[in-house]
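Enquirer: Mind having a look at this structure? Questions to follow.
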Amino acid sequence: MSYQKLITDGIKRLRQKIQLTQEEFAGKINMSVQGYRNIEHNKYLPTGETIDKICEVFNTSPVELLLPDKQENLSDIQQIINLKLQNCQLEKLIRINSMIDLM
């Protein structure tokens with residue numbers, strides 16, 4: 001499963017869990033409805049800023065957006081995260097580490 005699919009599935013799952021329509025969810029994160037729909041339909045990967053906004057507004061973490069409902073794909077997720085971390089710049093790794101410390 002790709003990183004994009006994990007994150008978009010996580011965002012959609014969050015929206016459905018809190019029982020908001022796409023329009024309501026997009027409004028809460030100050031995004032156009034069409035832009036949000038494009039994210040849910042895997043046409044566009046949300047920016048880091050959009051992910052941060054979603055996490056801030058809905059009091060969640062990026063890691064929670066990556067985790068599927070079922071933990072059976074945990075090794076796939078770990079591989080994706082490891083690949084992403086290997087290619088990350090130092091300042092981003094420091095930010096990620098700070099976010100993990102907050103959890």
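Ligands are numbered from 1 in the order shown, residues from 1 within each chain, and chains are lettered A, B, ... in the order they appear in the structure tokens.
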Quick one: DSSP alpha helix (DSSP H) residues in region 12-95 of chain A, as a VMD selection string?
Expert: chain A and resid 12 to 17 22 to 28 33 to 40 48 to 57 62 to 66 74 to 86 90 to 95
Enquirer: I'd like the contact shell of Glu23 (chain A) - 10 Å cut-off, only C-alpha atoms, skipping same-chain residues fewer than 2 positions apart - returned as an NGL selection string.
Expert: :A and (20-21 or 25-28 or 31-34 or 36-37)
Enquirer: Which is closer to Asn42 (chain A) than all the others in A:Asn97, A:Gln79, A:Ser2, A:Thr8, using only C-alpha atoms?
Expert: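 Counting only C-alpha atoms, the residue closest to Asn42 (chain A) is A:Thr8.
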Enquirer: Neighbours of Met99 (chain A) within 12 Å (only C-alpha atoms; same-chain residues fewer than 2 positions away dropped), as a ChimeraX atom specification?
Expert: /A:52,55,60-64,92-97,101-103
Enquirer: So the first atom is CA of Phe58 (chain A) and the second is CA of Gln89 (chain A); what is the distance between them in Å, to one decimal place?
Expert: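 So the answer is 27.3 Å.
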Enquirer: Nearest residue to Tyr44 (chain A) out of A:Ile7, A:Leu66, A:Val57, A:Leu14, using only C-alpha atoms?
Expert: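 Once distances to Tyr44 (chain A) are computed over only C-alpha atoms, the minimum belongs to A:Ile7.
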Enquirer: What separation in Å, quoted to one decimal, exists between CA of Leu85 (chain A) and CA of Ile100 (chain A)?
Expert: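 Computing the Euclidean distance for CA of Leu85 (chain A) and CA of Ile100 (chain A) yields 13.1 Å.
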Enquirer: One decimal, in Å: what's the spacing between CA of Lys53 (chain A) and CA of Ser75 (chain A)?
Expert: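 Here the two named atoms are 27.4 Å from each other.
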Enquirer: Considering only C-alpha atoms, state which residue in the set A:Glu56, A:Lys43, A:Leu65, A:Asn38 is at the smallest distance from Gly10 (chain A).
Expert: A:Leu65
Enquirer: Counting only C-alpha atoms, figure out which residue out of A:Ile29, A:Lys84, A:Gln16, A:Gln22 gets nearest to Tyr3 (chain A).
Expert: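 Nearest to Tyr3 (chain A): A:Lys84.
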